[in-house]
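Colleague: Pasting final-v2.txt here (compact mmCIF, N, CA and C atoms):
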```
# COMPACT_ATOMS: atom_id res chain seq x y z
N MET W 13 54.85 31.53 91.45
CA MET W 13 56.18 31.67 92.04
C MET W 13 57.10 32.36 91.04
N ARG W 14 58.00 33.16 91.57
CA ARG W 14 58.98 33.83 90.72
C ARG W 14 59.97 32.82 90.17
N LYS W 15 60.53 33.10 88.99
CA LYS W 15 61.61 32.28 88.45
C LYS W 15 62.88 32.68 89.22
N ILE W 16 63.55 31.72 89.82
CA ILE W 16 64.74 31.99 90.62
C ILE W 16 65.96 31.44 89.90
N ASP W 17 66.94 32.31 89.62
CA ASP W 17 68.17 31.84 88.97
C ASP W 17 69.42 32.07 89.81
N LYS W 18 69.27 32.79 90.95
CA LYS W 18 70.44 33.03 91.81
C LYS W 18 70.03 32.95 93.28
N ILE W 19 70.96 32.44 94.08
CA ILE W 19 70.88 32.48 95.54
C ILE W 19 72.09 33.32 95.95
N ILE W 20 71.83 34.51 96.46
CA ILE W 20 72.90 35.47 96.73
C ILE W 20 73.14 35.58 98.24
N ILE W 21 74.39 35.34 98.63
CA ILE W 21 74.78 35.38 100.04
C ILE W 21 75.31 36.77 100.39
N HIS W 22 74.85 37.28 101.54
CA HIS W 22 75.23 38.60 102.03
C HIS W 22 75.68 38.50 103.49
N CYS W 23 76.30 39.58 103.97
CA CYS W 23 76.54 39.74 105.40
C CYS W 23 75.87 41.04 105.83
N SER W 24 75.64 41.17 107.12
CA SER W 24 75.00 42.39 107.63
C SER W 24 75.99 43.54 107.81
N ALA W 25 77.28 43.27 107.60
CA ALA W 25 78.34 44.28 107.79
C ALA W 25 78.30 44.85 109.21
N THR W 26 78.16 43.94 110.18
CA THR W 26 78.19 44.32 111.59
C THR W 26 79.36 43.59 112.25
N LYS W 27 79.84 44.15 113.35
CA LYS W 27 81.00 43.57 114.03
C LYS W 27 80.69 42.21 114.62
N GLU W 28 81.71 41.34 114.59
CA GLU W 28 81.53 39.98 115.08
C GLU W 28 81.06 39.98 116.53
N GLY W 29 80.15 39.05 116.79
CA GLY W 29 79.63 38.89 118.15
C GLY W 29 78.48 39.82 118.49
N LYS W 30 78.20 40.81 117.67
CA LYS W 30 77.09 41.73 117.93
C LYS W 30 75.80 41.05 117.48
N ASP W 31 74.89 40.86 118.40
CA ASP W 31 73.70 40.05 118.16
C ASP W 31 72.56 40.90 117.59
N PHE W 32 72.51 40.95 116.28
CA PHE W 32 71.40 41.63 115.60
C PHE W 32 70.46 40.56 115.06
N ARG W 33 69.25 40.98 114.72
CA ARG W 33 68.22 40.06 114.24
C ARG W 33 67.52 40.67 113.01
N LEU W 34 66.63 39.89 112.46
CA LEU W 34 65.88 40.34 111.29
C LEU W 34 65.18 41.67 111.54
N ASN W 35 64.59 41.84 112.72
CA ASN W 35 63.89 43.10 113.00
C ASN W 35 64.83 44.30 112.96
N ASP W 36 66.07 44.11 113.37
CA ASP W 36 67.06 45.20 113.28
C ASP W 36 67.32 45.54 111.82
N ILE W 37 67.52 44.52 111.00
CA ILE W 37 67.79 44.76 109.58
C ILE W 37 66.59 45.44 108.93
N ALA W 38 65.38 45.00 109.26
CA ALA W 38 64.18 45.62 108.71
C ALA W 38 64.12 47.11 109.07
N ALA W 39 64.50 47.44 110.30
CA ALA W 39 64.50 48.86 110.71
C ALA W 39 65.55 49.64 109.93
N TRP W 40 66.74 49.06 109.73
CA TRP W 40 67.78 49.74 108.95
C TRP W 40 67.31 49.96 107.52
N HIS W 41 66.68 48.94 106.94
CA HIS W 41 66.21 49.05 105.56
C HIS W 41 65.07 50.05 105.45
N LYS W 42 64.21 50.11 106.45
CA LYS W 42 63.13 51.11 106.45
C LYS W 42 63.73 52.51 106.48
N ASP W 43 64.75 52.71 107.31
CA ASP W 43 65.43 54.01 107.40
C ASP W 43 66.07 54.40 106.07
N ARG W 44 66.47 53.40 105.28
CA ARG W 44 67.07 53.65 103.97
C ARG W 44 66.03 53.69 102.86
N HIS W 45 64.75 53.68 103.26
CA HIS W 45 63.61 53.79 102.34
C HIS W 45 63.46 52.60 101.40
N PHE W 46 63.82 51.41 101.90
CA PHE W 46 63.53 50.20 101.13
C PHE W 46 62.02 50.04 101.08
N PRO W 47 61.50 49.44 100.01
CA PRO W 47 60.04 49.30 99.90
C PRO W 47 59.48 48.25 100.86
N LEU W 48 58.29 48.51 101.34
CA LEU W 48 57.57 47.54 102.15
C LEU W 48 56.93 46.53 101.20
N SER W 49 57.27 45.27 101.35
CA SER W 49 56.61 44.22 100.57
C SER W 49 56.66 42.93 101.36
N GLY W 50 55.64 42.13 101.21
CA GLY W 50 55.58 40.88 101.96
C GLY W 50 55.52 41.11 103.45
N GLY W 51 55.05 42.28 103.87
CA GLY W 51 54.88 42.57 105.28
C GLY W 51 56.14 43.01 106.00
N THR W 52 57.24 43.25 105.27
CA THR W 52 58.49 43.65 105.92
C THR W 52 59.28 44.61 105.04
N TYR W 53 60.09 45.41 105.69
CA TYR W 53 61.03 46.27 104.97
C TYR W 53 62.35 45.54 104.71
N CYS W 54 62.56 44.42 105.39
CA CYS W 54 63.81 43.68 105.22
C CYS W 54 63.95 43.27 103.75
N GLY W 55 65.10 43.57 103.17
CA GLY W 55 65.33 43.27 101.76
C GLY W 55 65.73 41.83 101.50
N TYR W 56 66.03 41.07 102.57
CA TYR W 56 66.47 39.69 102.42
C TYR W 56 65.32 38.71 102.63
N HIS W 57 65.45 37.56 102.03
CA HIS W 57 64.46 36.50 102.23
C HIS W 57 64.75 35.72 103.52
N TYR W 58 66.04 35.62 103.85
CA TYR W 58 66.44 34.90 105.06
C TYR W 58 67.57 35.65 105.76
N VAL W 59 67.55 35.59 107.09
CA VAL W 59 68.64 36.13 107.91
C VAL W 59 69.09 35.01 108.84
N ILE W 60 70.40 34.78 108.90
CA ILE W 60 70.96 33.74 109.76
C ILE W 60 71.61 34.41 110.97
N ASP W 61 71.00 34.20 112.13
CA ASP W 61 71.47 34.81 113.37
C ASP W 61 72.74 34.14 113.88
N LEU W 62 73.39 34.75 114.86
CA LEU W 62 74.64 34.22 115.41
C LEU W 62 74.50 32.80 115.93
N ASP W 63 73.32 32.48 116.47
CA ASP W 63 73.11 31.14 117.02
C ASP W 63 72.68 30.13 115.96
N GLY W 64 72.66 30.57 114.69
CA GLY W 64 72.29 29.68 113.59
C GLY W 64 70.82 29.67 113.26
N ARG W 65 70.02 30.35 114.07
CA ARG W 65 68.58 30.41 113.78
C ARG W 65 68.37 31.11 112.45
N ILE W 66 67.50 30.55 111.63
CA ILE W 66 67.18 31.15 110.33
C ILE W 66 65.84 31.86 110.47
N GLU W 67 65.88 33.18 110.27
CA GLU W 67 64.67 33.97 110.32
C GLU W 67 64.20 34.24 108.89
N ILE W 68 62.90 34.15 108.68
CA ILE W 68 62.34 34.40 107.36
C ILE W 68 62.00 35.88 107.25
N GLY W 69 62.61 36.54 106.26
CA GLY W 69 62.32 37.94 105.99
C GLY W 69 61.16 38.03 105.02
N LYS W 70 61.48 38.16 103.75
CA LYS W 70 60.45 38.19 102.73
C LYS W 70 60.07 36.78 102.32
N ASP W 71 58.78 36.57 102.14
CA ASP W 71 58.32 35.32 101.54
C ASP W 71 58.92 35.24 100.14
N LEU W 72 59.25 34.05 99.70
CA LEU W 72 59.92 33.88 98.41
C LEU W 72 59.08 34.37 97.23
N LYS W 73 57.78 34.49 97.39
CA LYS W 73 56.97 34.98 96.28
C LYS W 73 57.17 36.47 96.03
N TYR W 74 57.82 37.17 96.98
CA TYR W 74 58.08 38.60 96.84
C TYR W 74 59.52 38.85 96.41
N THR W 75 59.69 39.83 95.56
CA THR W 75 61.03 40.25 95.13
C THR W 75 61.74 40.91 96.30
N GLY W 76 62.97 40.51 96.53
CA GLY W 76 63.77 41.11 97.59
C GLY W 76 64.34 42.44 97.15
N CYS W 77 65.12 43.02 98.02
CA CYS W 77 65.80 44.29 97.76
C CYS W 77 67.19 44.16 98.37
N HIS W 78 68.09 43.44 97.65
CA HIS W 78 69.38 43.11 98.24
C HIS W 78 70.54 43.17 97.25
N CYS W 79 70.26 43.19 95.93
CA CYS W 79 71.33 43.23 94.95
C CYS W 79 70.79 43.84 93.66
N ALA W 80 71.08 45.12 93.46
CA ALA W 80 70.55 45.86 92.32
C ALA W 80 70.79 45.11 91.01
N GLY W 81 69.74 45.03 90.21
CA GLY W 81 69.81 44.39 88.91
C GLY W 81 69.60 42.88 88.96
N HIS W 82 69.50 42.31 90.16
CA HIS W 82 69.36 40.86 90.30
C HIS W 82 68.22 40.46 91.22
N ASN W 83 67.49 41.42 91.77
CA ASN W 83 66.47 41.11 92.76
C ASN W 83 65.30 40.30 92.23
N ALA W 84 64.86 40.59 91.01
CA ALA W 84 63.64 39.98 90.48
C ALA W 84 63.71 38.46 90.42
N HIS W 85 64.89 37.92 90.21
CA HIS W 85 65.03 36.47 90.00
C HIS W 85 65.99 35.83 91.00
N SER W 86 66.09 36.39 92.20
CA SER W 86 67.04 35.84 93.17
C SER W 86 66.44 35.73 94.56
N ILE W 87 67.16 35.00 95.39
CA ILE W 87 66.86 34.85 96.81
C ILE W 87 68.04 35.45 97.57
N GLY W 88 67.76 36.31 98.53
CA GLY W 88 68.81 36.93 99.34
C GLY W 88 68.90 36.30 100.72
N ILE W 89 70.12 35.84 101.06
CA ILE W 89 70.40 35.27 102.38
C ILE W 89 71.46 36.15 103.03
N CYS W 90 71.21 36.59 104.26
CA CYS W 90 72.16 37.44 104.97
C CYS W 90 72.52 36.80 106.31
N TYR W 91 73.82 36.68 106.57
CA TYR W 91 74.24 36.23 107.90
C TYR W 91 74.64 37.47 108.71
N ILE W 92 74.42 37.41 110.01
CA ILE W 92 74.78 38.51 110.90
C ILE W 92 76.29 38.47 111.10
N GLY W 93 76.94 39.59 110.83
CA GLY W 93 78.39 39.70 110.98
C GLY W 93 79.02 40.19 109.70
N GLY W 94 80.31 39.85 109.54
CA GLY W 94 81.05 40.24 108.35
C GLY W 94 82.17 41.23 108.62
N LEU W 95 82.23 41.77 109.84
CA LEU W 95 83.31 42.69 110.22
C LEU W 95 83.97 42.18 111.50
N ASP W 96 85.29 42.29 111.55
CA ASP W 96 85.98 41.89 112.78
C ASP W 96 85.77 42.95 113.85
N SER W 97 86.38 42.79 115.00
CA SER W 97 86.18 43.71 116.12
C SER W 97 86.69 45.12 115.84
N ASN W 98 87.55 45.25 114.81
CA ASN W 98 88.06 46.56 114.41
C ASN W 98 87.28 47.17 113.26
N GLY W 99 86.23 46.48 112.82
CA GLY W 99 85.41 46.99 111.73
C GLY W 99 85.93 46.67 110.34
N LYS W 100 86.88 45.73 110.26
CA LYS W 100 87.45 45.33 108.97
C LYS W 100 86.71 44.09 108.44
N PRO W 101 86.53 43.99 107.11
CA PRO W 101 85.85 42.81 106.55
C PRO W 101 86.53 41.52 106.97
N ALA W 102 85.72 40.54 107.40
CA ALA W 102 86.24 39.24 107.85
C ALA W 102 85.11 38.23 107.84
N ASP W 103 85.47 36.99 107.65
CA ASP W 103 84.49 35.91 107.74
C ASP W 103 84.27 35.62 109.22
N THR W 104 83.21 36.17 109.76
CA THR W 104 82.93 36.05 111.20
C THR W 104 81.83 35.03 111.50
N ARG W 105 81.46 34.23 110.52
CA ARG W 105 80.38 33.27 110.75
C ARG W 105 80.74 32.31 111.88
N THR W 106 79.76 32.11 112.75
CA THR W 106 79.92 31.13 113.82
C THR W 106 79.73 29.73 113.21
N ILE W 107 80.11 28.71 113.95
CA ILE W 107 79.90 27.34 113.50
C ILE W 107 78.41 27.12 113.21
N ASP W 108 77.56 27.61 114.10
CA ASP W 108 76.11 27.45 113.91
C ASP W 108 75.64 28.15 112.63
N GLN W 109 76.18 29.33 112.35
CA GLN W 109 75.81 30.03 111.12
C GLN W 109 76.27 29.25 109.89
N ARG W 110 77.47 28.71 109.95
CA ARG W 110 78.00 27.93 108.81
C ARG W 110 77.10 26.72 108.52
N ILE W 111 76.73 26.02 109.57
CA ILE W 111 75.88 24.84 109.40
C ILE W 111 74.52 25.23 108.84
N SER W 112 73.92 26.27 109.41
CA SER W 112 72.61 26.71 108.94
C SER W 112 72.66 27.20 107.50
N MET W 113 73.72 27.91 107.14
CA MET W 113 73.85 28.40 105.77
C MET W 113 73.92 27.23 104.79
N MET W 114 74.73 26.23 105.12
CA MET W 114 74.85 25.06 104.26
C MET W 114 73.50 24.36 104.10
N LYS W 115 72.81 24.12 105.21
CA LYS W 115 71.51 23.44 105.16
C LYS W 115 70.48 24.25 104.37
N LEU W 116 70.47 25.56 104.57
CA LEU W 116 69.51 26.42 103.86
C LEU W 116 69.77 26.40 102.36
N VAL W 117 71.02 26.54 101.97
CA VAL W 117 71.35 26.53 100.54
C VAL W 117 71.05 25.16 99.94
N GLU W 118 71.37 24.09 100.66
CA GLU W 118 71.04 22.75 100.16
C GLU W 118 69.54 22.61 99.94
N PHE W 119 68.74 23.10 100.87
CA PHE W 119 67.28 23.05 100.72
C PHE W 119 66.83 23.86 99.51
N LEU W 120 67.34 25.08 99.39
CA LEU W 120 66.93 25.94 98.28
C LEU W 120 67.34 25.35 96.93
N LYS W 121 68.50 24.69 96.88
CA LYS W 121 68.92 24.04 95.63
C LYS W 121 67.99 22.87 95.27
N GLU W 122 67.41 22.21 96.26
CA GLU W 122 66.43 21.17 95.97
C GLU W 122 65.17 21.76 95.35
N VAL W 123 64.75 22.90 95.85
CA VAL W 123 63.54 23.57 95.37
C VAL W 123 63.79 24.28 94.04
N PHE W 124 64.98 24.89 93.91
CA PHE W 124 65.35 25.65 92.71
C PHE W 124 66.67 25.11 92.16
N PRO W 125 66.65 23.92 91.56
CA PRO W 125 67.90 23.27 91.15
C PRO W 125 68.71 24.04 90.11
N GLU W 126 68.08 24.90 89.35
CA GLU W 126 68.79 25.67 88.32
C GLU W 126 69.47 26.92 88.89
N ALA W 127 69.11 27.31 90.11
CA ALA W 127 69.67 28.53 90.71
C ALA W 127 71.16 28.35 90.99
N LYS W 128 71.92 29.39 90.73
CA LYS W 128 73.36 29.39 91.01
C LYS W 128 73.63 30.19 92.28
N VAL W 129 74.56 29.72 93.07
CA VAL W 129 74.92 30.35 94.33
C VAL W 129 76.09 31.31 94.10
N CYS W 130 76.02 32.48 94.73
CA CYS W 130 77.12 33.44 94.62
C CYS W 130 77.08 34.40 95.81
N GLY W 131 78.15 35.16 95.96
CA GLY W 131 78.20 36.21 96.96
C GLY W 131 77.80 37.53 96.33
N HIS W 132 77.34 38.45 97.13
CA HIS W 132 76.98 39.78 96.66
C HIS W 132 78.13 40.40 95.89
N ARG W 133 79.35 40.20 96.39
CA ARG W 133 80.52 40.79 95.75
C ARG W 133 80.80 40.23 94.36
N ASP W 134 80.22 39.07 94.03
CA ASP W 134 80.38 38.51 92.70
C ASP W 134 79.54 39.24 91.66
N LEU W 135 78.58 40.04 92.12
CA LEU W 135 77.66 40.74 91.23
C LEU W 135 77.75 42.25 91.34
N ALA W 136 78.44 42.74 92.36
CA ALA W 136 78.51 44.18 92.60
C ALA W 136 79.89 44.52 93.18
N ASN W 137 80.24 45.76 93.13
CA ASN W 137 81.53 46.21 93.65
C ASN W 137 81.43 46.37 95.17
N ARG W 138 81.39 45.24 95.85
CA ARG W 138 81.23 45.20 97.31
C ARG W 138 82.15 44.13 97.89
N GLY W 139 82.41 44.20 99.18
CA GLY W 139 83.18 43.16 99.85
C GLY W 139 82.29 42.05 100.39
N CYS W 140 81.03 42.31 100.49
CA CYS W 140 80.02 41.40 101.03
C CYS W 140 79.98 40.10 100.23
N PRO W 141 80.00 38.98 100.86
CA PRO W 141 79.75 38.64 102.26
C PRO W 141 81.02 38.42 103.09
N CYS W 142 82.16 38.89 102.62
CA CYS W 142 83.43 38.83 103.36
C CYS W 142 84.03 37.42 103.44
N PHE W 143 83.63 36.56 102.53
CA PHE W 143 84.28 35.26 102.33
C PHE W 143 83.97 34.83 100.90
N GLU W 144 84.72 33.83 100.43
CA GLU W 144 84.56 33.35 99.05
C GLU W 144 83.50 32.25 99.01
N VAL W 145 82.33 32.57 98.51
CA VAL W 145 81.21 31.64 98.45
C VAL W 145 81.56 30.40 97.62
N ARG W 146 82.31 30.60 96.55
CA ARG W 146 82.65 29.49 95.65
C ARG W 146 83.45 28.38 96.33
N GLU W 147 84.07 28.69 97.46
CA GLU W 147 84.86 27.68 98.17
C GLU W 147 83.99 26.76 99.04
N LEU W 148 82.71 27.12 99.23
CA LEU W 148 81.83 26.36 100.12
C LEU W 148 80.98 25.32 99.43
N PHE W 149 80.65 25.57 98.18
CA PHE W 149 79.65 24.76 97.51
C PHE W 149 80.24 24.08 96.28
N PRO W 150 79.61 22.99 95.84
CA PRO W 150 80.09 22.33 94.63
C PRO W 150 80.16 23.31 93.46
N THR W 151 81.16 23.17 92.64
CA THR W 151 81.40 24.10 91.53
C THR W 151 80.16 24.26 90.65
N ASP W 152 79.46 23.15 90.37
CA ASP W 152 78.30 23.24 89.49
C ASP W 152 77.12 23.96 90.15
N TRP W 153 77.16 24.21 91.43
CA TRP W 153 76.14 25.00 92.10
C TRP W 153 76.41 26.50 91.96
N CYS W 154 77.65 26.87 91.70
CA CYS W 154 78.07 28.27 91.78
C CYS W 154 77.96 28.98 90.44
N LEU W 155 77.73 30.27 90.55
CA LEU W 155 77.69 31.13 89.38
C LEU W 155 79.07 31.15 88.74
N GLU W 156 79.13 30.96 87.45
CA GLU W 156 80.41 31.03 86.75
C GLU W 156 80.77 32.50 86.57
N LEU W 157 81.90 32.88 87.13
CA LEU W 157 82.31 34.29 87.09
C LEU W 157 83.05 34.60 85.81
N LYS W 158 82.78 35.78 85.29
CA LYS W 158 83.45 36.24 84.08
C LYS W 158 84.86 36.69 84.42
N LYS W 159 85.82 36.32 83.61
CA LYS W 159 87.22 36.71 83.89
C LYS W 159 87.63 37.88 83.06
```
Have the structure of the file written as structure tokens, please.
Modeller:
Amino acid sequence: MRKIDKIIIHCSATKEGKDFRLNDIAAWHKDRHFPLSGGTYCGYHYVIDLDGRIEIGKDLKYTGCHCAGHNAHSIGICYIGGLDSNGKPADTRTIDQRISMMKLVEFLKEVFPEAKVCGHRDLANRGCPCFEVRELFPTDWCLELKK
């Protein structure tokens, strides 16, 4: 198993209410020439659909392709959404997505207790995941940000 030190939260940067799935993301990533590994082009390990269903993208034994410079030792979780109806960044997570995200991260922290949780934007010049991850989880679970 890979050494995991980060759990990185992402959004799909799609408009709220638009029902995309893991297969859609895999097709987008294939079009962007992401590498095929673990049987999928999807760069994320998990995708959380609008209804809260958690789809498995890459098996955790495979390196994802979701955050340059951090892929080798991280797990990528992407929720569908992140843009309001006008295409502006917004926290569009449904109640079901919020619940599933919390449960998934809690499970992953049990398996990888040393891993720190953060948003993509905490590691790169991005708006993703369009909400402040540090406000959701206990402080000691979160990556300490440099000031």
Colleague: Can you pull out every residue within 7 Å of Trp153 in chain W, counting all atoms listed in the file, but drop anything in the same chain fewer than 4 positions away, and send it as a VMD selection string?
Modeller: chain W and resid 127 to 130 149
Colleague: Please compute the CA of Pro150 in chain W-CA of Glu118 in chain W distance, one decimal, in Å.
Modeller: 10.6 Å
Colleague: Using backbone DSSP assignments, extract all strand (DSSP E or B) residues from range 69-100 of chain W; output them as a list of chain:residue names.
Modeller: W:Ser86, W:Ile87, W:Gly88, W:Ile89, W:Cys90, W:Tyr91, W:Gly94, W:Leu95
Colleague: List as a tab-separated table every residue of range 86-106 of chain W that is in contact with range 60-64 of chain W, defined as an atom at most 12 Å from one of its atoms (using only C-alpha atoms), together with the nearest atom pair and the distance in Å rounded to one decimal, sorted by chain and then rising number.
Modeller:
```
residue	atom	partner	partner_atom	distance
W:Gly88	CA	W:Ile60	CA	11.1
W:Ile89	CA	W:Ile60	CA	7.6
W:Cys90	CA	W:Ile60	CA	6.2
W:Tyr91	CA	W:Ile60	CA	4.5
W:Ile92	CA	W:Asp61	CA	5.5
W:Gly93	CA	W:Leu62	CA	8.0
W:Gly94	CA	W:Leu62	CA	11.3
W:Thr104	CA	W:Leu62	CA	9.5
W:Arg105	CA	W:Leu62	CA	7.5
W:Thr106	CA	W:Leu62	CA	6.3
```
Colleague: Compare W:Gly131, W:Pro101, W:Gly55, W:Gly50 by their minimum atom-to-atom distance to Lys73 in chain W, counting all atoms listed in the file, and give me the closest one.
Modeller: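 Nearest to Lys73 in chain W: W:Gly50.
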Colleague: Which polymer residues, whether protein, DNA or RNA, lie within 6 Å of the coordinate (62.9, 42.9, 107.5) when you count only N, CA and C atoms? List them as a list in words, using the chain letters and numbers from the file.
Modeller: Leu34, Asn35, Ile37, Ala38, Ala39, Thr52, Tyr53, Cys54, Gly55 and Gly69 of chain W
Colleague: Measuring between only N, CA and C atoms, which one of W:Cys77, W:Met113, W:Ala25, W:Ile16 shows the shortest distance to Pro125 in chain W?
Modeller: W:Ile16
Colleague: At what distance in Å, to one decimal, does CA of Glu156 in chain W lie from atom N of His132 in chain W?
Modeller: 13.1 Å
